>>> print(open('data.cif').read())   # mmCIF, C-alpha atoms
data_run
loop_
_atom_site.label_atom_id
_atom_site.label_comp_id
_atom_site.auth_asym_id
_atom_site.auth_seq_id
_atom_site.Cartn_x
_atom_site.Cartn_y
_atom_site.Cartn_z
CA MET A 1 133.31 122.68 90.37
CA THR A 2 129.74 122.41 91.69
CA ARG A 3 127.47 119.44 91.17
CA GLU A 4 125.04 119.18 88.26
CA GLY A 5 121.52 120.53 88.70
CA ILE A 6 118.82 118.00 89.59
CA LEU A 7 115.43 117.78 87.90
CA PHE A 8 112.55 117.15 90.32
CA ILE A 9 109.24 116.11 88.79
CA ILE A 10 106.14 116.28 90.94
CA SER A 11 102.78 114.77 90.04
CA ALA A 12 99.60 114.60 92.07
CA PRO A 13 95.87 114.25 91.57
CA SER A 14 94.01 117.59 91.53
CA GLY A 15 93.27 118.79 95.07
CA THR A 16 96.23 117.04 96.69
CA GLY A 17 98.07 120.27 97.55
CA LYS A 18 100.75 120.11 94.88
CA THR A 19 100.71 123.85 94.11
CA THR A 20 101.04 124.89 97.76
CA LEU A 21 103.80 122.36 98.39
CA SER A 22 105.71 123.32 95.22
CA LYS A 23 105.62 126.98 96.20
CA GLU A 24 107.08 126.15 99.61
CA LEU A 25 109.94 124.27 97.97
CA ILE A 26 110.72 127.12 95.58
CA ASP A 27 110.72 129.59 98.49
CA PHE A 28 112.88 127.30 100.63
CA PHE A 29 115.70 126.28 98.29
CA PRO A 30 117.71 129.15 96.76
CA GLN A 31 119.13 126.89 94.04
CA LEU A 32 115.69 125.58 92.98
CA ARG A 33 113.72 127.15 90.15
CA GLN A 34 110.34 126.39 88.63
CA SER A 35 110.63 125.02 85.12
CA VAL A 36 109.11 127.34 82.50
CA SER A 37 107.12 125.61 79.75
CA PHE A 38 106.43 126.64 76.19
CA THR A 39 102.81 127.24 75.24
CA THR A 40 100.72 128.30 72.27
CA ARG A 41 97.97 129.71 74.48
CA PRO A 42 97.60 133.52 74.38
CA MET A 43 99.27 135.49 77.15
CA ARG A 44 96.90 136.68 79.87
CA ALA A 45 96.96 139.98 81.72
CA GLY A 46 99.67 139.96 84.36
CA GLU A 47 101.62 137.12 82.77
CA VAL A 48 105.23 137.66 81.76
CA ASN A 49 106.83 135.95 78.78
CA GLY A 50 109.74 133.80 79.98
CA ARG A 51 108.54 133.82 83.58
CA ASP A 52 105.07 132.21 83.43
CA TYR A 53 105.56 130.57 80.06
CA HIS A 54 107.56 130.95 76.91
CA PHE A 55 104.70 132.12 74.67
CA VAL A 56 105.17 130.97 71.08
CA SER A 57 103.05 130.68 67.95
CA ARG A 58 101.56 127.37 66.89
CA GLU A 59 103.99 127.35 63.94
CA THR A 60 107.03 127.77 66.18
CA PHE A 61 105.73 125.09 68.53
CA ASP A 62 105.22 122.61 65.71
CA VAL A 63 108.71 123.27 64.31
CA MET A 64 110.09 122.51 67.79
CA VAL A 65 108.04 119.30 68.00
CA ALA A 66 109.34 118.21 64.58
CA ALA A 67 112.91 119.02 65.62
CA GLY A 68 112.56 116.85 68.75
CA ASP A 69 113.09 119.87 71.00
CA PHE A 70 110.60 118.77 73.65
CA ALA A 71 111.14 116.41 76.57
CA GLU A 72 107.34 116.23 76.73
CA TRP A 73 104.39 118.05 75.21
CA ALA A 74 100.61 117.79 75.17
CA GLU A 75 97.51 119.52 73.83
CA VAL A 76 94.95 120.71 76.38
CA HIS A 77 91.72 122.44 75.31
CA GLY A 78 93.21 123.24 71.91
CA ASN A 79 96.45 124.77 73.26
CA ARG A 80 99.81 123.09 73.24
CA TYR A 81 102.18 122.99 76.22
CA GLY A 82 105.68 121.57 76.29
CA THR A 83 108.91 121.32 78.26
CA ALA A 84 112.02 121.92 76.14
CA LEU A 85 114.98 119.59 76.51
CA GLU A 86 117.15 122.71 76.43
CA THR A 87 115.45 124.07 79.56
CA LEU A 88 116.35 120.85 81.39
CA GLU A 89 119.90 120.71 80.04
CA ASN A 90 120.64 124.35 80.85
CA ALA A 91 119.64 123.77 84.46
CA ARG A 92 121.64 120.54 84.73
CA ARG A 93 124.81 122.07 83.33
CA GLY A 94 124.25 125.36 85.13
CA GLY A 95 124.12 123.55 88.47
CA PHE A 96 120.68 124.73 89.54
CA ASP A 97 117.79 122.44 90.38
CA LEU A 98 114.53 122.49 88.51
CA LEU A 99 111.02 121.80 89.77
CA LEU A 100 108.49 120.59 87.26
CA ASP A 101 104.81 120.15 88.19
CA ILE A 102 103.35 117.85 85.60
CA ASP A 103 100.71 115.18 85.18
CA CYS A 104 101.60 111.49 84.98
CA GLN A 105 101.53 111.38 81.18
CA GLY A 106 104.02 114.25 80.96
CA ALA A 107 106.19 112.74 83.68
CA ALA A 108 106.24 109.40 81.87
CA GLN A 109 107.27 111.15 78.64
CA ILE A 110 110.16 112.86 80.42
CA ARG A 111 111.34 109.66 82.01
CA LYS A 112 111.48 108.13 78.54
CA SER A 113 112.88 111.06 76.54
CA TYR A 114 115.25 112.55 79.12
CA ASN A 115 116.17 109.52 81.21
CA ARG A 116 117.02 111.70 84.22
CA GLY A 117 115.15 113.26 87.08
CA VAL A 118 113.74 112.45 90.49
CA PHE A 119 110.05 111.54 90.28
CA ILE A 120 107.83 112.36 93.23
CA PHE A 121 104.17 111.48 93.55
CA ILE A 122 101.93 113.20 96.10
CA LEU A 123 99.01 111.15 97.37
CA PRO A 124 95.96 112.38 99.28
CA PRO A 125 95.40 110.52 102.57
CA SER A 126 92.33 108.89 100.99
CA PHE A 127 89.78 109.47 98.23
CA GLU A 128 87.21 110.45 100.85
CA GLU A 129 89.53 113.14 102.20
CA LEU A 130 90.30 114.32 98.65
CA GLN A 131 86.57 114.68 97.96
CA LYS A 132 86.14 116.68 101.19
CA ARG A 133 88.97 119.02 100.18
CA LEU A 134 87.59 119.58 96.69
CA GLU A 135 84.16 120.31 98.15
CA GLY A 136 85.74 122.68 100.69
CA ARG A 137 87.27 124.80 97.93
CA LYS A 138 83.73 125.68 96.75
CA THR A 139 85.06 126.26 93.20
CA ASP A 140 83.83 123.09 91.49
CA SER A 141 80.35 121.72 90.86
CA PRO A 142 79.51 118.24 92.23
CA ASP A 143 79.83 116.98 88.65
CA VAL A 144 83.34 118.37 88.27
CA ILE A 145 84.33 117.02 91.68
CA GLY A 146 83.00 113.61 90.71
CA ARG A 147 85.12 113.70 87.57
CA ARG A 148 88.21 114.79 89.51
CA ILE A 149 87.81 111.90 91.95
CA LEU A 150 87.38 109.48 89.06
CA ASN A 151 90.55 110.89 87.45
CA ALA A 152 92.38 110.63 90.77
CA ARG A 153 91.48 106.95 91.01
CA THR A 154 93.13 106.38 87.63
CA GLU A 155 96.11 108.66 88.30
CA VAL A 156 97.19 107.14 91.61
CA ARG A 157 97.88 103.85 89.85
CA GLU A 158 100.81 105.60 88.16
CA ALA A 159 102.46 106.12 91.57
CA VAL A 160 103.91 102.65 91.11
CA TRP A 161 106.83 103.85 88.97
CA TYR A 162 107.70 107.07 90.83
CA ASP A 163 110.86 107.26 92.97
CA TYR A 164 109.16 108.74 96.02
CA ILE A 165 105.65 108.93 97.40
CA VAL A 166 104.59 111.64 99.82
CA VAL A 167 101.18 111.31 101.46
CA ASN A 168 99.77 114.78 102.09
CA GLU A 169 97.79 114.15 105.23
CA ASP A 170 99.39 116.96 107.25
CA LEU A 171 100.75 119.81 105.11
CA SER A 172 103.75 120.55 107.32
CA VAL A 173 104.78 116.88 107.43
CA ALA A 174 104.39 116.54 103.67
CA SER A 175 106.41 119.71 103.16
CA ALA A 176 109.19 118.48 105.47
CA ASN A 177 109.26 115.16 103.62
CA LEU A 178 109.57 116.91 100.25
CA LYS A 179 112.36 119.14 101.53
CA SER A 180 114.17 116.07 102.84
CA ILE A 181 113.86 114.34 99.48
CA LEU A 182 115.31 117.32 97.62
CA ARG A 183 118.13 117.69 100.11
CA ALA A 184 118.91 113.96 100.27
CA GLU A 185 119.06 113.66 96.48
CA GLY A 186 121.81 116.29 96.55
CA CYS A 187 123.80 113.90 98.80
CA ARG A 188 123.60 110.90 96.49
CA ARG A 189 127.06 109.54 95.84
CA GLU A 190 126.80 109.83 92.06
CA ARG A 191 126.16 113.56 92.49
CA VAL A 192 128.59 114.34 95.32
CA LEU A 193 131.62 112.43 94.10
CA PRO A 194 132.28 113.78 90.59
CA PRO A 195 133.12 117.33 91.71
CA ILE A 196 135.29 116.20 94.67
CA ALA A 197 136.74 112.81 93.72
CA GLU A 198 140.03 114.27 92.57
CA ARG A 199 140.54 116.19 95.81
CA PHE A 200 140.35 112.92 97.76
CA GLY A 201 142.18 110.78 95.22
CA ILE A 202 139.08 108.64 94.65
CA SER A 203 138.74 106.82 91.36
CA MET A 204 135.18 106.97 90.02
CA GLU A 205 135.19 103.26 89.14
CA GLU A 206 133.30 101.15 91.67
CA MET B 1 100.25 97.97 108.56
CA THR B 2 103.37 100.13 108.97
CA ARG B 3 106.33 100.06 106.65
CA GLU B 4 109.34 97.79 107.22
CA GLY B 5 112.26 99.11 109.26
CA ILE B 6 115.21 100.52 107.33
CA LEU B 7 118.85 99.67 108.02
CA PHE B 8 121.17 102.69 107.83
CA ILE B 9 124.89 101.94 107.69
CA ILE B 10 127.30 104.78 108.38
CA SER B 11 131.04 104.64 107.73
CA ALA B 12 133.64 107.36 108.09
CA PRO B 13 137.36 107.73 108.63
CA SER B 14 138.35 108.25 112.27
CA GLY B 15 137.97 111.91 113.30
CA THR B 16 135.22 112.73 110.80
CA GLY B 17 132.53 113.24 113.45
CA LYS B 18 130.62 110.02 112.93
CA THR B 19 129.95 109.41 116.63
CA THR B 20 128.57 112.92 117.26
CA LEU B 21 126.42 112.77 114.12
CA SER B 22 125.09 109.29 114.92
CA LYS B 23 124.09 110.38 118.41
CA GLU B 24 122.15 113.33 116.96
CA LEU B 25 120.26 110.99 114.65
CA ILE B 26 119.37 108.59 117.47
CA ASP B 27 118.15 111.51 119.59
CA PHE B 28 116.17 112.98 116.69
CA PHE B 29 114.27 109.99 115.29
CA PRO B 30 112.03 108.15 117.76
CA GLN B 31 111.82 105.10 115.49
CA LEU B 32 115.62 104.82 115.10
CA ARG B 33 117.75 102.59 117.31
CA GLN B 34 121.46 101.90 117.46
CA SER B 35 122.28 98.36 116.37
CA VAL B 36 123.75 96.25 119.19
CA SER B 37 126.65 93.99 118.20
CA PHE B 38 127.86 90.72 119.66
CA THR B 39 131.35 90.68 121.13
CA THR B 40 133.75 88.33 122.88
CA ARG B 41 135.51 91.17 124.68
CA PRO B 42 134.97 91.29 128.45
CA MET B 43 132.31 93.67 129.76
CA ARG B 44 133.68 96.92 131.19
CA ALA B 45 132.44 98.80 134.23
CA GLY B 46 129.29 100.74 133.35
CA GLU B 47 128.45 98.62 130.33
CA VAL B 48 125.15 96.81 130.13
CA ASN B 49 124.70 93.47 128.39
CA GLY B 50 122.19 93.86 125.55
CA ARG B 51 122.52 97.66 125.51
CA ASP B 52 126.21 98.28 124.75
CA TYR B 53 126.88 94.83 123.33
CA HIS B 54 125.62 91.31 123.53
CA PHE B 55 128.54 89.85 125.49
CA VAL B 56 129.17 86.21 124.59
CA SER B 57 131.94 83.68 125.05
CA ARG B 58 134.35 82.88 122.27
CA GLU B 59 132.72 79.44 121.99
CA THR B 60 129.25 80.91 121.51
CA PHE B 61 130.58 83.41 119.00
CA ASP B 62 132.28 80.70 116.95
CA VAL B 63 129.16 78.55 116.93
CA MET B 64 127.24 81.56 115.58
CA VAL B 65 129.89 82.14 112.89
CA ALA B 66 129.70 78.48 111.84
CA ALA B 67 125.88 78.67 111.75
CA GLY B 68 126.02 81.71 109.46
CA ASP B 69 124.31 83.87 112.07
CA PHE B 70 126.33 87.00 111.32
CA ALA B 71 125.75 89.63 108.65
CA GLU B 72 129.35 90.69 109.31
CA TRP B 73 132.04 89.97 111.87
CA ALA B 74 135.69 90.81 112.45
CA GLU B 75 138.50 90.29 114.93
CA VAL B 76 140.08 93.42 116.43
CA HIS B 77 142.96 93.21 118.93
CA GLY B 78 142.10 89.58 119.67
CA ASN B 79 138.40 90.18 120.32
CA ARG B 80 135.59 89.32 117.93
CA TYR B 81 132.72 91.64 117.06
CA GLY B 82 129.74 90.81 114.88
CA THR B 83 126.30 91.97 113.76
CA ALA B 84 123.70 89.20 113.85
CA LEU B 85 121.36 88.80 110.90
CA GLU B 86 118.59 88.30 113.44
CA THR B 87 119.19 91.80 114.85
CA LEU B 88 118.69 93.26 111.38
CA GLU B 89 115.67 91.11 110.56
CA ASN B 90 113.92 91.84 113.87
CA ALA B 91 114.22 95.56 113.20
CA ARG B 92 113.03 95.24 109.61
CA ARG B 93 109.98 93.17 110.50
CA GLY B 94 109.33 95.18 113.66
CA GLY B 95 109.13 98.39 111.64
CA PHE B 96 111.86 100.28 113.47
CA ASP B 97 114.95 101.69 111.79
CA LEU B 98 118.45 100.64 112.74
CA LEU B 99 121.65 102.68 112.74
CA LEU B 100 124.89 100.79 112.36
CA ASP B 101 128.26 102.56 112.66
CA ILE B 102 130.76 100.32 110.99
CA ASP B 103 133.98 100.43 109.01
CA CYS B 104 134.05 99.90 105.27
CA GLN B 105 135.00 96.22 105.51
CA GLY B 106 132.01 95.52 107.76
CA ALA B 107 129.71 97.60 105.57
CA ALA B 108 130.86 95.71 102.46
CA GLN B 109 130.20 92.37 104.22
CA ILE B 110 126.66 93.49 105.09
CA ARG B 111 125.94 94.65 101.57
CA LYS B 112 126.94 91.20 100.36
CA SER B 113 125.37 89.02 103.06
CA TYR B 114 122.21 91.01 103.76
CA ASN B 115 121.57 92.73 100.45
CA ARG B 116 119.60 95.51 102.09
CA GLY B 117 120.35 98.80 103.77
CA VAL B 118 121.12 102.40 103.00
CA PHE B 119 124.87 103.04 102.94
CA ILE B 120 126.12 106.47 103.97
CA PHE B 121 129.74 107.61 103.91
CA ILE B 122 130.88 110.67 105.86
CA LEU B 123 133.85 112.51 104.40
CA PRO B 124 136.00 115.13 106.11
CA PRO B 125 136.25 118.40 104.13
CA SER B 126 139.89 117.53 103.36
CA PHE B 127 142.77 115.47 104.74
CA GLU B 128 144.41 118.67 106.03
CA GLU B 129 141.27 119.51 108.01
CA LEU B 130 141.05 115.93 109.29
CA GLN B 131 144.65 116.15 110.54
CA LYS B 132 143.87 119.46 112.28
CA ARG B 133 140.86 117.89 114.01
CA LEU B 134 142.80 114.85 115.17
CA GLU B 135 145.56 117.12 116.51
CA GLY B 136 142.93 119.29 118.23
CA ARG B 137 141.61 116.30 120.19
CA LYS B 138 145.02 116.03 121.93
CA THR B 139 144.41 112.32 122.52
CA ASP B 140 146.70 110.83 119.89
CA SER B 141 150.47 111.01 119.39
CA PRO B 142 151.76 112.42 116.08
CA ASP B 143 152.55 108.81 115.09
CA VAL B 144 149.00 107.65 115.71
CA ILE B 145 147.61 110.68 113.86
CA GLY B 146 149.89 109.94 110.93
CA ARG B 147 148.56 106.38 110.83
CA ARG B 148 144.94 107.57 111.03
CA ILE B 149 145.47 109.93 108.09
CA LEU B 150 147.08 107.14 106.11
CA ASN B 151 144.10 104.88 106.92
CA ALA B 152 141.69 107.66 105.96
CA ARG B 153 143.37 107.99 102.56
CA THR B 154 142.70 104.28 101.94
CA GLU B 155 139.19 104.30 103.43
CA VAL B 156 137.78 107.22 101.43
CA ARG B 157 138.32 105.24 98.23
CA GLU B 158 135.50 102.97 99.43
CA ALA B 159 133.05 105.90 99.26
CA VAL B 160 132.61 105.00 95.61
CA TRP B 161 130.03 102.27 96.33
CA TYR B 162 128.03 103.97 99.09
CA ASP B 163 124.53 105.32 98.37
CA TYR B 164 125.10 108.74 99.93
CA ILE B 165 128.08 110.90 100.76
CA VAL B 166 127.90 113.60 103.41
CA VAL B 167 130.84 115.98 103.71
CA ASN B 168 131.20 117.04 107.33
CA GLU B 169 132.54 120.56 106.88
CA ASP B 170 129.91 122.23 109.06
CA LEU B 171 128.44 119.93 111.72
CA SER B 172 124.91 121.39 111.58
CA VAL B 173 124.79 121.13 107.76
CA ALA B 174 126.07 117.55 107.88
CA SER B 175 123.51 116.70 110.55
CA ALA B 176 120.67 118.25 108.52
CA ASN B 177 121.81 116.32 105.46
CA LEU B 178 121.84 113.03 107.38
CA LYS B 179 118.39 113.69 108.82
CA SER B 180 117.11 114.42 105.31
CA ILE B 181 118.57 111.18 104.01
CA LEU B 182 116.91 109.13 106.74
CA ARG B 183 113.59 110.91 106.24
CA ALA B 184 113.70 110.73 102.45
CA GLU B 185 114.48 107.02 102.46
CA GLY B 186 111.24 106.53 104.39
CA CYS B 187 109.42 108.16 101.44
CA ARG B 188 110.83 105.85 98.76
CA ARG B 189 108.03 104.37 96.73
CA GLU B 190 109.03 100.75 97.40
CA ARG B 191 108.67 101.44 101.15
CA VAL B 192 105.56 103.66 101.10
CA LEU B 193 103.42 101.68 98.69
CA PRO B 194 103.29 98.17 100.16
CA PRO B 195 101.39 99.17 103.33
CA ILE B 196 98.94 101.49 101.49
CA ALA B 197 98.59 100.12 97.95
CA GLU B 198 95.40 98.25 98.73
CA ARG B 199 93.72 101.35 100.19
CA PHE B 200 94.25 103.17 96.88
CA GLY B 201 93.61 100.21 94.60
CA ILE B 202 97.18 100.31 93.30
CA SER B 203 98.67 97.12 91.90
CA MET B 204 102.30 96.67 92.96
CA GLU B 205 103.37 95.69 89.44
CA GLU B 206 105.11 98.51 87.60
#
>>> encode(input="data.cif", output="structure tokens")
Amino acid sequence: MTREGILFIISAPSGTGKTTLSKELIDFFPQLRQSVSFTTRPMRAGEVNGRDYHFVSRETFDVMVAAGDFAEWAEVHGNRYGTALETLENARRGGFDLLLDIDCQGAAQIRKSYNRGVFIFILPPSFEELQKRLEGRKTDSPDVIGRRILNARTEVREAVWYDYIVVNEDLSVASANLKSILRAEGCRRERVLPPIAERFGISMEE
Amino acid sequence: MTREGILFIISAPSGTGKTTLSKELIDFFPQLRQSVSFTTRPMRAGEVNGRDYHFVSRETFDVMVAAGDFAEWAEVHGNRYGTALETLENARRGGFDLLLDIDCQGAAQIRKSYNRGVFIFILPPSFEELQKRLEGRKTDSPDVIGRRILNARTEVREAVWYDYIVVNEDLSVASANLKSILRAEGCRRERVLPPIAERFGISMEE
């Protein structure tokens, strides 16, 4: 019997390096998969149903909302996005870990509705550094960057309820810290003991 | 302002590889030091006072016990050994981490008296494998090995209250897991936030 899969939820202000860091984790851990969300937005060229998203109609989505099928959902620019409880449960019971990149509102919803998961917040070294990085990308106008920084100032206050905080000052250090967190969580007693307690004659009562 | 030092407590049945693994951790983490105990046993050739132990007289030791100076203490073969609360507090406030190899009774005393620390239990892959390893050492008689296995069977039941469990099947995997635990604990929100909350304008209230 293997241990249950672990749900890792990562949030970070825009520009903090979350996408790069998440990709490194997925590449590094064979038992870790990216969570696939449901969405009502139309499929784009190159996207694959079931890999990038589960693409569903607005009607289907709303039936799922009414049935309480989502651990979290939100509407963004007129499209709905949601994480199904079944996605999380399948991973847990199947013994593979799940990585979910999501904003603080979504993370808070999951904490409430699912009551499981390891919550990780990635912080930039400072707001000044975050601004520099956003400017360096050369993809956003000064206005957009200003808004992102303002959002970041609000978002970082949510870090207070996350389990772990990783400051992304140096990418390789931040990546090593994230890998350690994922690995260490797999060693937590409540996860290690259930599948092996019997072998050692250990009762699960503390 | 740096974060507070973390106390790591490691317990394991005899023959599980605790000493080898602890040495690797000490060599790996610059900010990690081995905790130095007080003892009433006479100093041996090659030992250094303050490095191997704080060597004290029985009278001094008993005064310290009466004053409540110890986080844990025990008598073994007529000699007393103890970990001073001051040792733990100096490390915590000094911002360096402390590694303490100690049996389950000592670990349980610390959990109660000090109410801090990360508790890690190292398990052998099985009792059969543990017996093989003890026999392979060629240092113990079959009688002594039998007693060690019997002790191990009692000790592993204590794993149930530890924070982490590392199964030492493959030494390099066990070592990597321990390093991850130490590193991940340094990323826990309650440790990361206090020194940086002000910089980000984060209130420490959840």
>>> resolve_selection(input="data.cif", expression="the PyMOL selection byres ((chain B) within 8 of (chain A))", output="MDAnalysis selection string")
chainID B and resid 126:127 153 156:157 159:166 177:181 183:185 187:189 192:193 199:206
>>> resolve_selection(input="data.cif", expression="the PyMOL selection byres ((chain B and resi 8) around 7)", output="list in words")
Ile6, Leu7, Ile9, Ile10, Leu98, Leu99, Leu100, Gly117, Val118 and Phe119 of chain B
>>> resolve_selection(input="data.cif", expression="the PyMOL selection byres ((chain A and resi 55) around 7)", output="list in words")
Phe38, Thr39, Thr40, Met43, Asn49, Tyr53, His54 and Val56 of chain A
>>> closest_residue(input="data.cif", among="A:Ile149, A:Ala66, A:Ile122, A:Ala45", to="Asp101 of chain A", atoms="all atoms listed in the file")
A:Ile122
>>> atom_distance(input="data.cif", atom1="atom CA of Ala12 of chain B", atom2="atom CA of Asp62 of chain B")
28.1 Å
>>> build_atoms(input="data.cif", residues="segment 61-87 of chain A", atoms="N, CA and C atoms", output="PDB file, in the coordinates of the input")
ATOM      1  N   PHE A  61     105.869 126.283  67.692  1.00  0.00           N
ATOM      2  CA  PHE A  61     105.730 125.090  68.530  1.00  0.00           C
ATOM      3  C   PHE A  61     105.894 123.825  67.697  1.00  0.00           C
ATOM      4  N   ASP A  62     105.204 123.821  66.533  1.00  0.00           N
ATOM      5  CA  ASP A  62     105.220 122.610  65.710  1.00  0.00           C
ATOM      6  C   ASP A  62     106.594 122.344  65.103  1.00  0.00           C
ATOM      7  N   VAL A  63     107.324 123.429  64.791  1.00  0.00           N
ATOM      8  CA  VAL A  63     108.710 123.270  64.310  1.00  0.00           C
ATOM      9  C   VAL A  63     109.553 122.619  65.407  1.00  0.00           C
ATOM     10  N   MET A  64     109.340 123.077  66.651  1.00  0.00           N
ATOM     11  CA  MET A  64     110.090 122.510  67.790  1.00  0.00           C
ATOM     12  C   MET A  64     109.742 121.031  68.000  1.00  0.00           C
ATOM     13  N   VAL A  65     108.449 120.701  67.870  1.00  0.00           N
ATOM     14  CA  VAL A  65     108.040 119.300  68.000  1.00  0.00           C
ATOM     15  C   VAL A  65     108.756 118.454  66.943  1.00  0.00           C
ATOM     16  N   ALA A  66     108.724 118.960  65.695  1.00  0.00           N
ATOM     17  CA  ALA A  66     109.340 118.210  64.580  1.00  0.00           C
ATOM     18  C   ALA A  66     110.840 118.049  64.782  1.00  0.00           C
ATOM     19  N   ALA A  67     111.456 119.059  65.402  1.00  0.00           N
ATOM     20  CA  ALA A  67     112.910 119.020  65.620  1.00  0.00           C
ATOM     21  C   ALA A  67     113.292 118.167  66.831  1.00  0.00           C
ATOM     22  N   GLY A  68     112.279 117.657  67.546  1.00  0.00           N
ATOM     23  CA  GLY A  68     112.560 116.850  68.750  1.00  0.00           C
ATOM     24  C   GLY A  68     113.065 117.697  69.900  1.00  0.00           C
ATOM     25  N   ASP A  69     112.610 118.947  69.955  1.00  0.00           N
ATOM     26  CA  ASP A  69     113.090 119.870  71.000  1.00  0.00           C
ATOM     27  C   ASP A  69     112.441 119.649  72.361  1.00  0.00           C
ATOM     28  N   PHE A  70     111.342 118.899  72.389  1.00  0.00           N
ATOM     29  CA  PHE A  70     110.600 118.770  73.650  1.00  0.00           C
ATOM     30  C   PHE A  70     110.887 117.463  74.396  1.00  0.00           C
ATOM     31  N   ALA A  71     111.039 117.590  75.707  1.00  0.00           N
ATOM     32  CA  ALA A  71     111.140 116.410  76.570  1.00  0.00           C
ATOM     33  C   ALA A  71     109.749 115.812  76.748  1.00  0.00           C
ATOM     34  N   GLU A  72     108.746 116.664  76.693  1.00  0.00           N
ATOM     35  CA  GLU A  72     107.340 116.230  76.730  1.00  0.00           C
ATOM     36  C   GLU A  72     106.504 117.373  76.189  1.00  0.00           C
ATOM     37  N   TRP A  73     105.364 117.019  75.574  1.00  0.00           N
ATOM     38  CA  TRP A  73     104.390 118.050  75.210  1.00  0.00           C
ATOM     39  C   TRP A  73     103.017 117.420  75.123  1.00  0.00           C
ATOM     40  N   ALA A  74     101.986 118.277  75.217  1.00  0.00           N
ATOM     41  CA  ALA A  74     100.610 117.790  75.170  1.00  0.00           C
ATOM     42  C   ALA A  74      99.698 118.906  74.707  1.00  0.00           C
ATOM     43  N   GLU A  75      98.520 118.520  74.194  1.00  0.00           N
ATOM     44  CA  GLU A  75      97.510 119.520  73.830  1.00  0.00           C
ATOM     45  C   GLU A  75      96.388 119.468  74.857  1.00  0.00           C
ATOM     46  N   VAL A  76      96.026 120.620  75.396  1.00  0.00           N
ATOM     47  CA  VAL A  76      94.950 120.710  76.380  1.00  0.00           C
ATOM     48  C   VAL A  76      93.995 121.808  75.942  1.00  0.00           C
ATOM     49  N   HIS A  77      92.739 121.469  75.745  1.00  0.00           N
ATOM     50  CA  HIS A  77      91.720 122.440  75.310  1.00  0.00           C
ATOM     51  C   HIS A  77      92.192 123.231  74.091  1.00  0.00           C
ATOM     52  N   GLY A  78      92.819 122.581  73.157  1.00  0.00           N
ATOM     53  CA  GLY A  78      93.210 123.240  71.910  1.00  0.00           C
ATOM     54  C   GLY A  78      94.517 124.016  71.964  1.00  0.00           C
ATOM     55  N   ASN A  79      95.139 124.118  73.156  1.00  0.00           N
ATOM     56  CA  ASN A  79      96.450 124.770  73.260  1.00  0.00           C
ATOM     57  C   ASN A  79      97.535 123.735  73.526  1.00  0.00           C
ATOM     58  N   ARG A  80      98.720 124.025  73.012  1.00  0.00           N
ATOM     59  CA  ARG A  80      99.810 123.090  73.240  1.00  0.00           C
ATOM     60  C   ARG A  80     100.756 123.613  74.331  1.00  0.00           C
ATOM     61  N   TYR A  81     101.266 122.682  75.110  1.00  0.00           N
ATOM     62  CA  TYR A  81     102.180 122.990  76.220  1.00  0.00           C
ATOM     63  C   TYR A  81     103.339 122.006  76.126  1.00  0.00           C
ATOM     64  N   GLY A  82     104.552 122.499  76.355  1.00  0.00           N
ATOM     65  CA  GLY A  82     105.680 121.570  76.290  1.00  0.00           C
ATOM     66  C   GLY A  82     106.867 122.019  77.112  1.00  0.00           C
ATOM     67  N   THR A  83     107.667 121.046  77.532  1.00  0.00           N
ATOM     68  CA  THR A  83     108.910 121.320  78.260  1.00  0.00           C
ATOM     69  C   THR A  83     110.078 121.051  77.322  1.00  0.00           C
ATOM     70  N   ALA A  84     110.892 122.084  77.066  1.00  0.00           N
ATOM     71  CA  ALA A  84     112.020 121.920  76.140  1.00  0.00           C
ATOM     72  C   ALA A  84     113.178 121.181  76.796  1.00  0.00           C
ATOM     73  N   LEU A  85     113.784 120.290  76.027  1.00  0.00           N
ATOM     74  CA  LEU A  85     114.980 119.590  76.510  1.00  0.00           C
ATOM     75  C   LEU A  85     116.064 120.594  76.892  1.00  0.00           C
ATOM     76  N   GLU A  86     116.127 121.707  76.157  1.00  0.00           N
ATOM     77  CA  GLU A  86     117.150 122.710  76.430  1.00  0.00           C
ATOM     78  C   GLU A  86     116.977 123.337  77.814  1.00  0.00           C
ATOM     79  N   THR A  87     115.727 123.535  78.221  1.00  0.00           N
ATOM     80  CA  THR A  87     115.450 124.070  79.560  1.00  0.00           C
ATOM     81  C   THR A  87     116.055 123.134  80.621  1.00  0.00           C
TER      82      THR A  87
END
